[in-house]
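Engineer: Input: one structure, supplied below.
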Amino acid sequence: MGIEIRKAVSSDAPFLAKMILQSSRAGKNSGIFDVIFETHDDSIILSKLEALTQTEAKNHCHFNNFLVAQMDGESVGTLCSYEPRIATHKVFMDALKEIGCPDSIDESLEVLFECQFEPNNRTLMFDFMEEKKGFIDVGVLKALMQKSLLTARLKGYRIAQTVVEIGSMDHILFYKKLGFSIVKEKKCESYKEQFGRAGLVLLSTEF
């Protein structure tokens, strides 16, 4: 079975929502979108995420930032790449308010943003690198990454970065196999209290 990589379109929203939620939880009972939408009801969260991928505000979850991997016509994986200078914190807030989140949403996200790394506008950020269950280790993520790096080079980028949680060894090891290395680690007590993980790790690669 061959792997086809294509740019996401708006009709991919239901699949993108599933991959975003899967990525945000990363094996935990609760992820950032459970906190943002104040519920653990998957149907509600997925509906909100579908809307978030299609907002006028071009936030980092917007479908335009995604590549989709397909095998025999079935969507099996995603990878998001976005430019921090465009998909800013303010744009994300605007997008959340666009889909009905209250103005107080900033308070819900304090625990996340206080543990984040300073954005580097000279890098391309990767996020939501996920594959559907049943398609692990068949080359989906590697194919997505290769295509994304090629696209990044055409845009003039030479450095790509991603952020994963401390303790997510499977994700860290996979990124290392793809040529990434750990640059920084940031431990946050509030993040640990909320999500049960000590903090975040920043990985980077030059290409």
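In the structure tokens, chains take the letters A, B, ... in the order shown, each chain's residues start at 1, and ligands count up from 1 in the order shown.
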If you run DSSP over the backbone, which residues in region 28-108 of chain A end up helix (DSSP H, G or I)? Put them as a ChimeraX atom specification.

Structural biologist: /A:32-36,42-52,63-65,89-98,105-108

Engineer: So that I can see what lies close to region 173-175 of chain A, please list as a list in words the residues with an atom at most 12 Å from it, counting only C-alpha atoms and leaving out residues fewer than 4 positions away in the same chain.

Structural biologist: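 Within the cut-off, the hits are Phe126, Asp127, Met129, Glu130, Ile136, Asp137, Gly139, Leu141, Lys142, Met145, Ala160, Gln161, Thr162, Val163, Val164, Ile166, Gly167, Ser168, Met169, Gly179, Phe180, Ser181, Ile182, Val201, Leu202, Leu203, Ser204 and Thr205 of chain A.
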
Engineer: Write out as a ChimeraX atom specification all residues of region 49-153 of chain A that DSSP puts in strand (DSSP E or B) for this structure's backbone.

Structural biologist: /A:66-71,74-82,124-131

Engineer: Write out as a list in words which residues come within 9 Å of Leu124 (chain A) when counting only C-alpha atoms, dropping same-chain ones fewer than 5 positions away.

Structural biologist: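 Everything that qualifies: Ser81, Tyr82, Glu83, Pro84, Ala152, Tyr157, Arg158, Ile159, Ala160, Gln161 and Thr162 of chain A.
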
Engineer: Hey, can you spit out that residue selection with C-alpha atoms as a CSV table (one decimal), in the first residue's frame?

Structural biologist:
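What follows is the written file out14.csv:
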chain,number,residue,atom,x,y,z
A,81,SER,CA,3.2,23.1,10.3
A,82,TYR,CA,2.7,26.7,11.0
A,83,GLU,CA,4.6,30.0,11.1
A,84,PRO,CA,4.8,31.5,14.7
A,152,ALA,CA,9.4,24.3,4.6
A,157,TYR,CA,13.0,28.0,6.3
A,158,ARG,CA,16.1,26.0,7.5
A,159,ILE,CA,15.0,25.3,11.1
A,160,ALA,CA,12.0,23.4,12.3
A,161,GLN,CA,10.9,22.9,15.9
A,162,THR,CA,8.3,21.1,17.9

Engineer: One number please: CA of Lys186 (chain A) to CA of Glu206 (chain A), in Å, one decimal.

Structural biologist: 21.5 Å

Engineer: Quick one: everything within 12 Å of Leu109 (chain A), counting only C-alpha atoms, minus sequence neighbours fewer than 6 positions away in the same chain. Send it as a list in words.

Structural biologist: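 Those residues are Gly31, Ile32, Phe33, Asp34, Val35, Ile36, Phe37, Glu38, His89, Phe92, Met93, Leu96, Cys101, Asp103, Cys115, Gln116, Ser190, Tyr191 and Gln194 of chain A.
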
Engineer: Would you mind exporting the chosen residues as a PDB file, in the first residue's frame, restricted to N, CA and C atoms?

Structural biologist:
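result36.pdb written:
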ATOM      1  N   GLY A  31      -6.545  16.741  28.122  1.00  0.00           N
ATOM      2  CA  GLY A  31      -5.601  17.548  27.360  1.00  0.00           C
ATOM      3  C   GLY A  31      -6.028  18.999  27.363  1.00  0.00           C
ATOM      4  N   ILE A  32      -5.296  19.821  26.655  1.00  0.00           N
ATOM      5  CA  ILE A  32      -5.554  21.252  26.671  1.00  0.00           C
ATOM      6  C   ILE A  32      -6.959  21.597  26.169  1.00  0.00           C
ATOM      7  N   PHE A  33      -7.481  20.831  25.214  1.00  0.00           N
ATOM      8  CA  PHE A  33      -8.808  21.182  24.687  1.00  0.00           C
ATOM      9  C   PHE A  33      -9.931  20.741  25.620  1.00  0.00           C
ATOM     10  N   ASP A  34      -9.667  19.754  26.484  1.00  0.00           N
ATOM     11  CA  ASP A  34     -10.626  19.438  27.541  1.00  0.00           C
ATOM     12  C   ASP A  34     -10.756  20.629  28.482  1.00  0.00           C
ATOM     13  N   VAL A  35      -9.618  21.304  28.731  1.00  0.00           N
ATOM     14  CA  VAL A  35      -9.602  22.473  29.610  1.00  0.00           C
ATOM     15  C   VAL A  35     -10.256  23.670  28.924  1.00  0.00           C
ATOM     16  N   ILE A  36      -9.877  23.915  27.678  1.00  0.00           N
ATOM     17  CA  ILE A  36     -10.417  25.075  26.949  1.00  0.00           C
ATOM     18  C   ILE A  36     -11.935  25.008  26.832  1.00  0.00           C
ATOM     19  N   PHE A  37     -12.457  23.825  26.475  1.00  0.00           N
ATOM     20  CA  PHE A  37     -13.892  23.695  26.237  1.00  0.00           C
ATOM     21  C   PHE A  37     -14.658  23.244  27.484  1.00  0.00           C
ATOM     22  N   GLU A  38     -13.935  23.073  28.587  1.00  0.00           N
ATOM     23  CA  GLU A  38     -14.523  22.779  29.894  1.00  0.00           C
ATOM     24  C   GLU A  38     -15.448  21.570  29.873  1.00  0.00           C
ATOM     25  N   HIS A  89      -0.362  33.887  19.416  1.00  0.00           N
ATOM     26  CA  HIS A  89      -1.250  33.661  20.563  1.00  0.00           C
ATOM     27  C   HIS A  89      -2.553  34.445  20.386  1.00  0.00           C
ATOM     28  N   PHE A  92      -4.898  32.803  17.946  1.00  0.00           N
ATOM     29  CA  PHE A  92      -5.543  31.631  18.559  1.00  0.00           C
ATOM     30  C   PHE A  92      -6.697  32.078  19.452  1.00  0.00           C
ATOM     31  N   MET A  93      -6.472  33.118  20.236  1.00  0.00           N
ATOM     32  CA  MET A  93      -7.538  33.646  21.090  1.00  0.00           C
ATOM     33  C   MET A  93      -8.715  34.139  20.251  1.00  0.00           C
ATOM     34  N   LEU A  96     -10.699  31.159  18.992  1.00  0.00           N
ATOM     35  CA  LEU A  96     -11.506  30.533  20.045  1.00  0.00           C
ATOM     36  C   LEU A  96     -12.760  31.355  20.328  1.00  0.00           C
ATOM     37  N   CYS A 101     -16.126  30.729  22.434  1.00  0.00           N
ATOM     38  CA  CYS A 101     -15.488  30.708  23.745  1.00  0.00           C
ATOM     39  C   CYS A 101     -15.594  32.101  24.381  1.00  0.00           C
ATOM     40  N   ASP A 103     -14.702  35.566  26.627  1.00  0.00           N
ATOM     41  CA  ASP A 103     -13.523  36.429  26.691  1.00  0.00           C
ATOM     42  C   ASP A 103     -12.571  35.999  27.794  1.00  0.00           C
ATOM     43  N   CYS A 115       3.985  27.945  30.555  1.00  0.00           N
ATOM     44  CA  CYS A 115       4.974  26.872  30.390  1.00  0.00           C
ATOM     45  C   CYS A 115       5.518  26.814  28.962  1.00  0.00           C
ATOM     46  N   GLN A 116       5.073  27.718  28.109  1.00  0.00           N
ATOM     47  CA  GLN A 116       5.528  27.686  26.722  1.00  0.00           C
ATOM     48  C   GLN A 116       6.900  28.338  26.559  1.00  0.00           C
ATOM     49  N   SER A 190       2.457  24.181  37.789  1.00  0.00           N
ATOM     50  CA  SER A 190       1.035  24.326  37.461  1.00  0.00           C
ATOM     51  C   SER A 190       0.628  23.385  36.323  1.00  0.00           C
ATOM     52  N   TYR A 191       1.531  23.185  35.361  1.00  0.00           N
ATOM     53  CA  TYR A 191       1.265  22.266  34.249  1.00  0.00           C
ATOM     54  C   TYR A 191       1.157  20.829  34.779  1.00  0.00           C
ATOM     55  N   GLN A 194      -2.140  20.295  36.471  1.00  0.00           N
ATOM     56  CA  GLN A 194      -3.267  20.229  35.537  1.00  0.00           C
ATOM     57  C   GLN A 194      -3.271  18.964  34.694  1.00  0.00           C
TER      58      GLN A 194
END

Engineer: Could you list, as a PDB file with C-alpha atoms, in the first residue's frame, every residue within 10 Å of Gly2 (chain A), counting only C-alpha atoms and ignoring same-chain residues fewer than 3 positions away?

Structural biologist:
ATOM      1  CA  ILE A   5       0.481  12.977   1.125  1.00  0.00           C
ATOM      2  CA  GLN A  70      -3.828   8.627   2.906  1.00  0.00           C
ATOM      3  CA  MET A  71      -3.590   4.910   2.160  1.00  0.00           C
ATOM      4  CA  ASP A  72      -6.035   3.336  -0.295  1.00  0.00           C
ATOM      5  CA  VAL A 138       4.047   1.696   8.338  1.00  0.00           C
ATOM      6  CA  GLY A 139       5.904   4.891   7.432  1.00  0.00           C
ATOM      7  CA  VAL A 140       3.026   7.366   7.663  1.00  0.00           C
TER       8      VAL A 140
END

Engineer: Quick one: everything within 10 Å of Arg85 (chain A), counting only C-alpha atoms, minus sequence neighbours fewer than 4 positions away in the same chain. Send it as a VMD selection string.

Structural biologist: chain A and resid 89 119 to 124

Engineer: Which residue out of A:Ser75, A:Ser148, A:Thr88, A:Ser43 has the minimum interatomic distance to Phe135 (chain A) when only C-alpha atoms are used?

Structural biologist: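 Of A:Ser75, A:Ser148, A:Thr88, A:Ser43, the one nearest Phe135 (chain A), counting only C-alpha atoms, is A:Ser75.
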
Engineer: Between A:Val91, A:Val9, A:Leu46, A:Ile105, which is the closest to Phe66 (chain A) once you count only C-alpha atoms?

Structural biologist: A:Val9

Engineer: Please provide as a PyMOL selection string all residues within 9 Å of region 62-65 of chain A, with the sequence filter that same-chain residues fewer than 2 positions apart are discarded (counting only C-alpha atoms).

Structural biologist: chain A and resi 7-10+12-13+16+52-60+67+79-82
